[in-house]
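Undergrad: Encoded as structure tokens, here's the structure I'll be asking about.
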There are 2 protein chains.
Amino acid sequence: MAAPIPEVVILRLPLYFRVLTLLQDETEIVSSQELGARLQITPAQIRKDLSYFGKFGIQGKGYKVNQLLGELRQILGLDRKWSVVLVGVGRLGRAILDYSTLGPHGFHITAAFDTDPRQIGKKVGQLIVQDIAVLSDAVKNQDLNIGIVAVPPSEAQEVIDRLVSCGIKAILNYAPAAPAVHSDVRVYNIDPVVALQTLTYHLKCLSTP
Amino acid sequence: MAAPIPEVVILRLPLYFRVLTLLQDETEIVSSQELGARLQITPAQIRKDLSYFGKFGIQGKGYKVNQLLGELRQILGLDRKWSVVLVGVGRLGRAILDYSTLGPHGFHITAAFDTDPRQIGKKVGQLIVQDIAVLSDAVKNQDLNIGIVAVPPSEAQEVIDRLVSCGIKAILNYAPAAPAVHSDVRVYNIDPVVALQTLTYHLKCLSTP
């Protein structure tokens with residue numbers, strides 16, 4: 001691959017994928033204007049983002065929905081199933097396990113771990129909560145690729161280090177912490193405080209024009 | 001204000017704020033190199049981001065931690081408390097209510113609503129779940145500024161429309177949907193599927209060098 005694709009572009013690809021999925025029963029061709037209107041992204045930005053991956057559009061018409069969906073599926077690695085390990089089965093971890101939209105998108109939480117002895121051995125959904133001490137075996141035996149971390153912030157770095165030492169290279173972190181990892185590991189932090197702080201920036205701008 | 005600040009810059013400001021908060025007891029001055037190492041962001045990017053808001057750094061030394069914290073607090077609108085309304089008190093909504101880090105950051109969920117008659121009138125945490133039909137009164141009477149949406153995807157657009165019609169201009173949306181709103185309303189979507197799909201892009205890149 002040539003120059004690395006900017007991270008902000010990668011972050012928008014799943015949004016394109018989602019909107020195209022919604023559109024595929026409605027239309028065969030969609031313009032960057034229509035996509036842009038649905039996503040509040042300028043058409044020029046959409047064309048630029050997609051141009052990183054090749055020439056998909058038809059000049060003056062737009063994109064073939066099914067073709068672009070297929071391309072994005074391949075680019076994003078969505079043409080296969082992914083096995084996910086959950087660490088932390090408190091209320092948030094259980095809400096994530098409940099979250100029925102993961103499966104249809106090809107993400108399957110196939111193992112759950114906790115550090116709390118009171119949780120270990122308990123059944124949550126279809127899974128038995130395991131002791132984090134045996135994480136390494138599970139990652140190998142079950143071909144786990146992605147970790148979801150839903151532990152208290154004070155435990156996040158240790159849990160993430162352990163996932164990484166077991167070979168996990170992609171982590172979705174719900175703990176409000178800024179964990180440090182080696183550069184070949186990608187951590188996506190889902191953090192409501194950070195989200196709220198960008199929203200208050202917006203509110204502040206509205207009130208002080 | 002001059003040209004609008006790029007959204008990606010705004011999204012990084014809370015990360016700077018968080019790291020600086022952690023650093024304030026350790027050091028008086030921090031370089032963009034040190035900040036960058038902690039956040040996996042290049043020092044040049046950090047200097048560029050902050051330069052949008054004025055000249056904060058001391059040439060060749062770095063940033064005064066307390067001063068930059070104060071500036072960011074003001075820029076992000078964190079020098080006040082914010083009242084938040086939660087819509088949807090299922091397992092996810094309750095996990096959000098439980099989330100003890102919001103309060104110390106100045107975000108207080110002071111009202112909770114649901115559309116499900118079985119939830120209305122119940123006590124969750126310190127709040128009584130109210131009928132969404134009376135949302136408008138609550139927003140006015142309690143000076144609610146921000147909405148958190150934790151309803152099923154099929155209800156998200158309607159709930160968000162209702163929040164907007166009551167005057168809410170900032171929404172943190174946990175429903176896996178891409179809601180459409182007027183351009184003066186800001187929606188921040190927290191969506192594990194989108195997050196996981198950017199992680200699989202990364203895993204795919206690692207496996208096909």
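Identifiers in this document derive from the order of the structure tokens: chains are assigned A, B, ..., residues are numbered from 1 separately in each chain, and ligands are numbered from 1 in order of occurrence.
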Kindly provide, as a ChimeraX atom specification, the residues of chain A having any atom no farther than 6 Å from an atom of chain B, counting only C-alpha atoms.
TA: /A:14,76-77,91-92,95,170,194,199-201,204
Undergrad: Based on the selection just made, write C-alpha atoms of those residues as a PDB file, in the first residue's frame.
TA:
```pdb
ATOM      1  CA  PRO A  14     -18.116   2.490   8.322  1.00  0.00           C
ATOM      2  CA  LEU A  76     -12.870  -2.905   6.097  1.00  0.00           C
ATOM      3  CA  GLY A  77     -12.398  -6.655   6.455  1.00  0.00           C
ATOM      4  CA  ARG A  91     -23.522  -3.624  34.069  1.00  0.00           C
ATOM      5  CA  LEU A  92     -21.799  -2.073  31.031  1.00  0.00           C
ATOM      6  CA  ALA A  95     -25.231  -4.283  28.148  1.00  0.00           C
ATOM      7  CA  ALA A 170      -7.415  -4.457  18.202  1.00  0.00           C
ATOM      8  CA  VAL A 194     -14.770  12.976  25.735  1.00  0.00           C
ATOM      9  CA  LEU A 199     -20.663  18.654  22.567  1.00  0.00           C
ATOM     10  CA  THR A 200     -20.187  21.403  25.143  1.00  0.00           C
ATOM     11  CA  TYR A 201     -17.673  23.027  22.787  1.00  0.00           C
ATOM     12  CA  LYS A 204     -20.487  27.165  23.845  1.00  0.00           C
TER      13      LYS A 204
END
```
Undergrad: Fit chain B to chain A: least squares, all C-alpha atoms, paired in order; write the output as a PDB file with C-alpha atoms, in the first residue's frame.
TA:
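part.pdb written:
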```pdb
ATOM      1  CA  MET B   1       0.002  -0.028  -0.073  1.00  0.00           C
ATOM      2  CA  ALA B   2       1.181   3.545  -0.762  1.00  0.00           C
ATOM      3  CA  ALA B   3       0.971   6.412   1.782  1.00  0.00           C
ATOM      4  CA  PRO B   4      -1.004   5.523   4.896  1.00  0.00           C
ATOM      5  CA  ILE B   5      -4.656   6.510   4.749  1.00  0.00           C
ATOM      6  CA  PRO B   6      -5.509   9.227   7.306  1.00  0.00           C
ATOM      7  CA  GLU B   7      -7.270   7.856  10.379  1.00  0.00           C
ATOM      8  CA  VAL B   8     -10.187  10.299   9.934  1.00  0.00           C
ATOM      9  CA  VAL B   9     -10.875   8.716   6.541  1.00  0.00           C
ATOM     10  CA  ILE B  10     -10.938   5.217   8.045  1.00  0.00           C
ATOM     11  CA  LEU B  11     -13.355   6.456  10.707  1.00  0.00           C
ATOM     12  CA  ARG B  12     -15.793   7.592   8.019  1.00  0.00           C
ATOM     13  CA  LEU B  13     -15.750   4.368   5.964  1.00  0.00           C
ATOM     14  CA  PRO B  14     -18.105   2.494   8.334  1.00  0.00           C
ATOM     15  CA  LEU B  15     -20.558   5.403   8.056  1.00  0.00           C
ATOM     16  CA  TYR B  16     -20.535   5.096   4.274  1.00  0.00           C
ATOM     17  CA  PHE B  17     -20.975   1.367   4.640  1.00  0.00           C
ATOM     18  CA  ARG B  18     -23.975   1.827   6.925  1.00  0.00           C
ATOM     19  CA  VAL B  19     -25.757   4.344   4.692  1.00  0.00           C
ATOM     20  CA  LEU B  20     -25.119   2.251   1.587  1.00  0.00           C
ATOM     21  CA  THR B  21     -26.550  -0.801   3.367  1.00  0.00           C
ATOM     22  CA  LEU B  22     -29.718   1.180   4.078  1.00  0.00           C
ATOM     23  CA  LEU B  23     -29.845   2.367   0.450  1.00  0.00           C
ATOM     24  CA  GLN B  24     -29.273  -0.940  -1.310  1.00  0.00           C
ATOM     25  CA  ASP B  25     -32.971  -1.843  -1.481  1.00  0.00           C
ATOM     26  CA  GLU B  26     -33.954   1.640  -2.644  1.00  0.00           C
ATOM     27  CA  THR B  27     -31.575   2.470  -5.452  1.00  0.00           C
ATOM     28  CA  GLU B  28     -28.851   1.070  -7.685  1.00  0.00           C
ATOM     29  CA  ILE B  29     -26.836   4.253  -8.012  1.00  0.00           C
ATOM     30  CA  VAL B  30     -26.236   6.985  -5.441  1.00  0.00           C
ATOM     31  CA  SER B  31     -24.477  10.327  -5.928  1.00  0.00           C
ATOM     32  CA  SER B  32     -21.940  11.773  -3.510  1.00  0.00           C
ATOM     33  CA  GLN B  33     -24.480  14.602  -2.991  1.00  0.00           C
ATOM     34  CA  GLU B  34     -27.109  12.144  -1.744  1.00  0.00           C
ATOM     35  CA  LEU B  35     -24.607  10.332   0.479  1.00  0.00           C
ATOM     36  CA  GLY B  36     -23.369  13.659   1.800  1.00  0.00           C
ATOM     37  CA  ALA B  37     -26.851  14.902   2.632  1.00  0.00           C
ATOM     38  CA  ARG B  38     -27.529  11.783   4.677  1.00  0.00           C
ATOM     39  CA  LEU B  39     -24.248  11.970   6.565  1.00  0.00           C
ATOM     40  CA  GLN B  40     -23.703  15.712   6.863  1.00  0.00           C
ATOM     41  CA  ILE B  41     -20.401  15.304   5.051  1.00  0.00           C
ATOM     42  CA  THR B  42     -19.574  17.350   1.928  1.00  0.00           C
ATOM     43  CA  PRO B  43     -19.765  15.476  -1.402  1.00  0.00           C
ATOM     44  CA  ALA B  44     -16.186  16.572  -2.145  1.00  0.00           C
ATOM     45  CA  GLN B  45     -14.995  14.978   1.079  1.00  0.00           C
ATOM     46  CA  ILE B  46     -16.763  11.727   0.263  1.00  0.00           C
ATOM     47  CA  ARG B  47     -15.237  11.608  -3.235  1.00  0.00           C
ATOM     48  CA  LYS B  48     -11.809  12.345  -1.791  1.00  0.00           C
ATOM     49  CA  ASP B  49     -12.150   9.690   0.941  1.00  0.00           C
ATOM     50  CA  LEU B  50     -13.183   6.999  -1.520  1.00  0.00           C
ATOM     51  CA  SER B  51     -10.511   7.976  -4.044  1.00  0.00           C
ATOM     52  CA  TYR B  52      -7.865   6.690  -1.621  1.00  0.00           C
ATOM     53  CA  PHE B  53      -9.038   3.182  -2.435  1.00  0.00           C
ATOM     54  CA  GLY B  54      -9.476   3.396  -6.198  1.00  0.00           C
ATOM     55  CA  LYS B  55     -11.858   4.744  -8.795  1.00  0.00           C
ATOM     56  CA  PHE B  56     -15.359   3.675  -7.823  1.00  0.00           C
ATOM     57  CA  GLY B  57     -17.641   6.408  -9.136  1.00  0.00           C
ATOM     58  CA  ILE B  58     -19.187   6.842 -12.567  1.00  0.00           C
ATOM     59  CA  GLN B  59     -18.481  10.377 -13.767  1.00  0.00           C
ATOM     60  CA  GLY B  60     -21.576  12.579 -13.408  1.00  0.00           C
ATOM     61  CA  LYS B  61     -23.741   9.750 -12.066  1.00  0.00           C
ATOM     62  CA  GLY B  62     -22.449   8.507  -8.763  1.00  0.00           C
ATOM     63  CA  TYR B  63     -21.624   5.156  -7.224  1.00  0.00           C
ATOM     64  CA  LYS B  64     -23.111   1.740  -7.886  1.00  0.00           C
ATOM     65  CA  VAL B  65     -24.438   0.927  -4.423  1.00  0.00           C
ATOM     66  CA  ASN B  66     -23.797  -2.810  -4.511  1.00  0.00           C
ATOM     67  CA  GLN B  67     -20.350  -2.471  -6.003  1.00  0.00           C
ATOM     68  CA  LEU B  68     -19.255   0.140  -3.467  1.00  0.00           C
ATOM     69  CA  LEU B  69     -20.696  -1.965  -0.640  1.00  0.00           C
ATOM     70  CA  GLY B  70     -18.643  -4.910  -1.840  1.00  0.00           C
ATOM     71  CA  GLU B  71     -15.492  -2.804  -2.043  1.00  0.00           C
ATOM     72  CA  LEU B  72     -16.007  -1.336   1.427  1.00  0.00           C
ATOM     73  CA  ARG B  73     -16.746  -4.777   2.834  1.00  0.00           C
ATOM     74  CA  GLN B  74     -13.377  -5.918   1.568  1.00  0.00           C
ATOM     75  CA  ILE B  75     -11.481  -2.766   2.573  1.00  0.00           C
ATOM     76  CA  LEU B  76     -12.858  -2.892   6.117  1.00  0.00           C
ATOM     77  CA  GLY B  77     -12.391  -6.636   6.477  1.00  0.00           C
ATOM     78  CA  LEU B  78     -16.118  -7.299   6.849  1.00  0.00           C
ATOM     79  CA  ASP B  79     -16.148 -10.250   4.464  1.00  0.00           C
ATOM     80  CA  ARG B  80     -15.513 -12.629   7.354  1.00  0.00           C
ATOM     81  CA  LYS B  81     -16.634 -13.265  10.937  1.00  0.00           C
ATOM     82  CA  TRP B  82     -14.651 -11.879  13.865  1.00  0.00           C
ATOM     83  CA  SER B  83     -14.384 -13.463  17.290  1.00  0.00           C
ATOM     84  CA  VAL B  84     -14.388 -10.989  20.137  1.00  0.00           C
ATOM     85  CA  VAL B  85     -13.374 -11.381  23.776  1.00  0.00           C
ATOM     86  CA  LEU B  86     -15.093  -9.266  26.412  1.00  0.00           C
ATOM     87  CA  VAL B  87     -13.229  -8.363  29.600  1.00  0.00           C
ATOM     88  CA  GLY B  88     -15.443  -6.994  32.369  1.00  0.00           C
ATOM     89  CA  VAL B  89     -18.991  -8.252  32.895  1.00  0.00           C
ATOM     90  CA  GLY B  90     -20.393  -5.501  35.124  1.00  0.00           C
ATOM     91  CA  ARG B  91     -23.512  -3.621  34.076  1.00  0.00           C
ATOM     92  CA  LEU B  92     -21.789  -2.075  31.051  1.00  0.00           C
ATOM     93  CA  GLY B  93     -20.223  -5.360  29.955  1.00  0.00           C
ATOM     94  CA  ARG B  94     -23.606  -7.056  30.189  1.00  0.00           C
ATOM     95  CA  ALA B  95     -25.219  -4.268  28.163  1.00  0.00           C
ATOM     96  CA  ILE B  96     -22.573  -4.855  25.488  1.00  0.00           C
ATOM     97  CA  LEU B  97     -23.270  -8.605  25.529  1.00  0.00           C
ATOM     98  CA  ASP B  98     -26.969  -7.801  25.149  1.00  0.00           C
ATOM     99  CA  TYR B  99     -26.288  -5.570  22.222  1.00  0.00           C
ATOM    100  CA  SER B 100     -27.977  -7.549  19.493  1.00  0.00           C
ATOM    101  CA  THR B 101     -26.593  -5.588  16.545  1.00  0.00           C
ATOM    102  CA  LEU B 102     -23.049  -6.942  16.850  1.00  0.00           C
ATOM    103  CA  GLY B 103     -23.882 -10.443  15.563  1.00  0.00           C
ATOM    104  CA  PRO B 104     -25.557  -9.389  12.308  1.00  0.00           C
ATOM    105  CA  HIS B 105     -22.459  -7.288  11.582  1.00  0.00           C
ATOM    106  CA  GLY B 106     -20.207 -10.316  11.924  1.00  0.00           C
ATOM    107  CA  PHE B 107     -18.876  -9.635  15.432  1.00  0.00           C
ATOM    108  CA  HIS B 108     -19.340 -12.485  17.878  1.00  0.00           C
ATOM    109  CA  ILE B 109     -18.427 -12.227  21.537  1.00  0.00           C
ATOM    110  CA  THR B 110     -17.319 -15.796  22.124  1.00  0.00           C
ATOM    111  CA  ALA B 111     -15.559 -15.443  25.486  1.00  0.00           C
ATOM    112  CA  ALA B 112     -16.081 -13.300  28.584  1.00  0.00           C
ATOM    113  CA  PHE B 113     -13.576 -12.647  31.362  1.00  0.00           C
ATOM    114  CA  ASP B 114     -13.479 -10.799  34.645  1.00  0.00           C
ATOM    115  CA  THR B 115     -11.004 -10.188  37.453  1.00  0.00           C
ATOM    116  CA  ASP B 116     -13.683 -10.299  40.153  1.00  0.00           C
ATOM    117  CA  PRO B 117     -13.864 -13.780  41.746  1.00  0.00           C
ATOM    118  CA  ARG B 118     -17.601 -13.225  42.371  1.00  0.00           C
ATOM    119  CA  GLN B 119     -18.220 -13.027  38.624  1.00  0.00           C
ATOM    120  CA  ILE B 120     -16.030 -15.949  37.571  1.00  0.00           C
ATOM    121  CA  GLY B 121     -18.031 -19.094  36.786  1.00  0.00           C
ATOM    122  CA  LYS B 122     -21.299 -17.190  36.389  1.00  0.00           C
ATOM    123  CA  LYS B 123     -23.320 -17.447  33.213  1.00  0.00           C
ATOM    124  CA  VAL B 124     -23.920 -14.276  31.235  1.00  0.00           C
ATOM    125  CA  GLY B 125     -25.967 -14.773  28.089  1.00  0.00           C
ATOM    126  CA  GLN B 126     -24.556 -17.927  26.480  1.00  0.00           C
ATOM    127  CA  LEU B 127     -21.133 -17.575  28.083  1.00  0.00           C
ATOM    128  CA  ILE B 128     -19.495 -18.649  31.333  1.00  0.00           C
ATOM    129  CA  VAL B 129     -17.372 -15.861  32.805  1.00  0.00           C
ATOM    130  CA  GLN B 130     -13.758 -17.017  32.968  1.00  0.00           C
ATOM    131  CA  ASP B 131     -10.829 -15.994  35.118  1.00  0.00           C
ATOM    132  CA  ILE B 132      -8.600 -13.516  33.327  1.00  0.00           C
ATOM    133  CA  ALA B 133      -5.661 -15.717  34.368  1.00  0.00           C
ATOM    134  CA  VAL B 134      -6.606 -18.169  31.576  1.00  0.00           C
ATOM    135  CA  LEU B 135      -7.043 -15.480  28.906  1.00  0.00           C
ATOM    136  CA  SER B 136      -3.962 -16.574  26.977  1.00  0.00           C
ATOM    137  CA  ASP B 137      -5.289 -20.098  26.343  1.00  0.00           C
ATOM    138  CA  ALA B 138      -8.677 -18.818  25.228  1.00  0.00           C
ATOM    139  CA  VAL B 139      -7.207 -16.331  22.765  1.00  0.00           C
ATOM    140  CA  LYS B 140      -5.175 -19.102  21.149  1.00  0.00           C
ATOM    141  CA  ASN B 141      -7.806 -21.831  21.181  1.00  0.00           C
ATOM    142  CA  GLN B 142     -10.728 -19.715  20.034  1.00  0.00           C
ATOM    143  CA  ASP B 143      -8.877 -17.529  17.509  1.00  0.00           C
ATOM    144  CA  LEU B 144      -9.986 -14.358  19.290  1.00  0.00           C
ATOM    145  CA  ASN B 145      -9.020 -11.247  17.313  1.00  0.00           C
ATOM    146  CA  ILE B 146     -10.582  -8.297  19.091  1.00  0.00           C
ATOM    147  CA  GLY B 147     -10.891  -7.356  22.756  1.00  0.00           C
ATOM    148  CA  ILE B 148     -13.663  -5.273  24.300  1.00  0.00           C
ATOM    149  CA  VAL B 149     -12.636  -3.766  27.633  1.00  0.00           C
ATOM    150  CA  ALA B 150     -15.382  -2.776  30.074  1.00  0.00           C
ATOM    151  CA  VAL B 151     -13.489  -2.672  33.358  1.00  0.00           C
ATOM    152  CA  PRO B 152     -13.019   0.221  35.822  1.00  0.00           C
ATOM    153  CA  PRO B 153     -10.447   2.826  34.690  1.00  0.00           C
ATOM    154  CA  SER B 154      -7.929   1.736  37.343  1.00  0.00           C
ATOM    155  CA  GLU B 155      -7.770  -1.750  35.778  1.00  0.00           C
ATOM    156  CA  ALA B 156      -7.832  -0.740  32.122  1.00  0.00           C
ATOM    157  CA  GLN B 157      -4.097  -0.494  31.431  1.00  0.00           C
ATOM    158  CA  GLU B 158      -3.354  -3.849  33.065  1.00  0.00           C
ATOM    159  CA  VAL B 159      -6.175  -5.604  31.213  1.00  0.00           C
ATOM    160  CA  ILE B 160      -5.126  -4.062  27.913  1.00  0.00           C
ATOM    161  CA  ASP B 161      -1.485  -5.042  28.487  1.00  0.00           C
ATOM    162  CA  ARG B 162      -2.661  -8.579  29.111  1.00  0.00           C
ATOM    163  CA  LEU B 163      -4.781  -8.681  25.953  1.00  0.00           C
ATOM    164  CA  VAL B 164      -1.838  -7.358  23.931  1.00  0.00           C
ATOM    165  CA  SER B 165       0.554  -9.887  25.450  1.00  0.00           C
ATOM    166  CA  CYS B 166      -1.866 -12.618  24.327  1.00  0.00           C
ATOM    167  CA  GLY B 167      -1.635 -11.350  20.752  1.00  0.00           C
ATOM    168  CA  ILE B 168      -4.758  -9.186  20.523  1.00  0.00           C
ATOM    169  CA  LYS B 169      -4.043  -6.232  18.216  1.00  0.00           C
ATOM    170  CA  ALA B 170      -7.392  -4.455  18.205  1.00  0.00           C
ATOM    171  CA  ILE B 171      -9.157  -3.220  21.318  1.00  0.00           C
ATOM    172  CA  LEU B 172     -12.416  -1.417  21.876  1.00  0.00           C
ATOM    173  CA  ASN B 173     -11.959   0.300  25.231  1.00  0.00           C
ATOM    174  CA  TYR B 174     -14.931   1.549  27.259  1.00  0.00           C
ATOM    175  CA  ALA B 175     -12.871   2.429  30.344  1.00  0.00           C
ATOM    176  CA  PRO B 176     -12.391   6.182  30.751  1.00  0.00           C
ATOM    177  CA  ALA B 177      -8.620   6.012  30.510  1.00  0.00           C
ATOM    178  CA  ALA B 178      -6.033   6.781  27.859  1.00  0.00           C
ATOM    179  CA  PRO B 179      -4.175   3.471  27.702  1.00  0.00           C
ATOM    180  CA  ALA B 180      -0.719   3.353  26.172  1.00  0.00           C
ATOM    181  CA  VAL B 181      -0.006   0.569  23.682  1.00  0.00           C
ATOM    182  CA  HIS B 182       2.627  -0.391  21.158  1.00  0.00           C
ATOM    183  CA  SER B 183       2.158   1.282  17.778  1.00  0.00           C
ATOM    184  CA  ASP B 184       1.027  -1.907  16.013  1.00  0.00           C
ATOM    185  CA  VAL B 185      -1.959  -2.229  18.371  1.00  0.00           C
ATOM    186  CA  ARG B 186      -5.019  -0.131  17.709  1.00  0.00           C
ATOM    187  CA  VAL B 187      -7.211   1.028  20.597  1.00  0.00           C
ATOM    188  CA  TYR B 188     -10.544   2.687  19.933  1.00  0.00           C
ATOM    189  CA  ASN B 189     -11.696   4.501  23.059  1.00  0.00           C
ATOM    190  CA  ILE B 190     -15.432   4.862  23.561  1.00  0.00           C
ATOM    191  CA  ASP B 191     -15.631   7.534  26.184  1.00  0.00           C
ATOM    192  CA  PRO B 192     -18.802   9.467  27.022  1.00  0.00           C
ATOM    193  CA  VAL B 193     -16.849  12.197  28.845  1.00  0.00           C
ATOM    194  CA  VAL B 194     -14.763  12.981  25.759  1.00  0.00           C
ATOM    195  CA  ALA B 195     -17.941  12.910  23.670  1.00  0.00           C
ATOM    196  CA  LEU B 196     -19.786  15.249  26.036  1.00  0.00           C
ATOM    197  CA  GLN B 197     -16.823  17.630  26.099  1.00  0.00           C
ATOM    198  CA  THR B 198     -16.919  18.025  22.316  1.00  0.00           C
ATOM    199  CA  LEU B 199     -20.667  18.662  22.578  1.00  0.00           C
ATOM    200  CA  THR B 200     -20.182  21.419  25.153  1.00  0.00           C
ATOM    201  CA  TYR B 201     -17.676  23.043  22.807  1.00  0.00           C
ATOM    202  CA  HIS B 202     -20.475  23.156  20.270  1.00  0.00           C
ATOM    203  CA  LEU B 203     -22.990  24.551  22.799  1.00  0.00           C
ATOM    204  CA  LYS B 204     -20.499  27.191  23.851  1.00  0.00           C
ATOM    205  CA  CYS B 205     -19.962  28.244  20.219  1.00  0.00           C
ATOM    206  CA  LEU B 206     -23.745  28.533  19.760  1.00  0.00           C
ATOM    207  CA  SER B 207     -24.122  30.761  22.815  1.00  0.00           C
ATOM    208  CA  THR B 208     -21.173  33.042  21.931  1.00  0.00           C
ATOM    209  CA  PRO B 209     -21.507  33.791  18.228  1.00  0.00           C
TER     210      PRO B 209
END
```
Undergrad: Check the DSSP output for the backbone and give back, as a ChimeraX atom specification, the residues of chain A in alpha helix (DSSP H).
TA: /A:7-23,32-39,43-51,65-75,91-98,135-141,153-165,192-207
Undergrad: Could you pull out all residues of stretch 29-124 of chain A with a DSSP call of strand (DSSP E) and give them as a list in words?
TA: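 After running DSSP on the backbone, stretch 29-124 of chain A has strand (DSSP E) at Ile29, Val30, Tyr63, Lys64, Trp82, Ser83, Val84, Val85, Leu86, Val87, Phe107, His108, Ile109, Thr110, Ala111, Ala112, Phe113, Asp114, Lys123 and Val124 of chain A.
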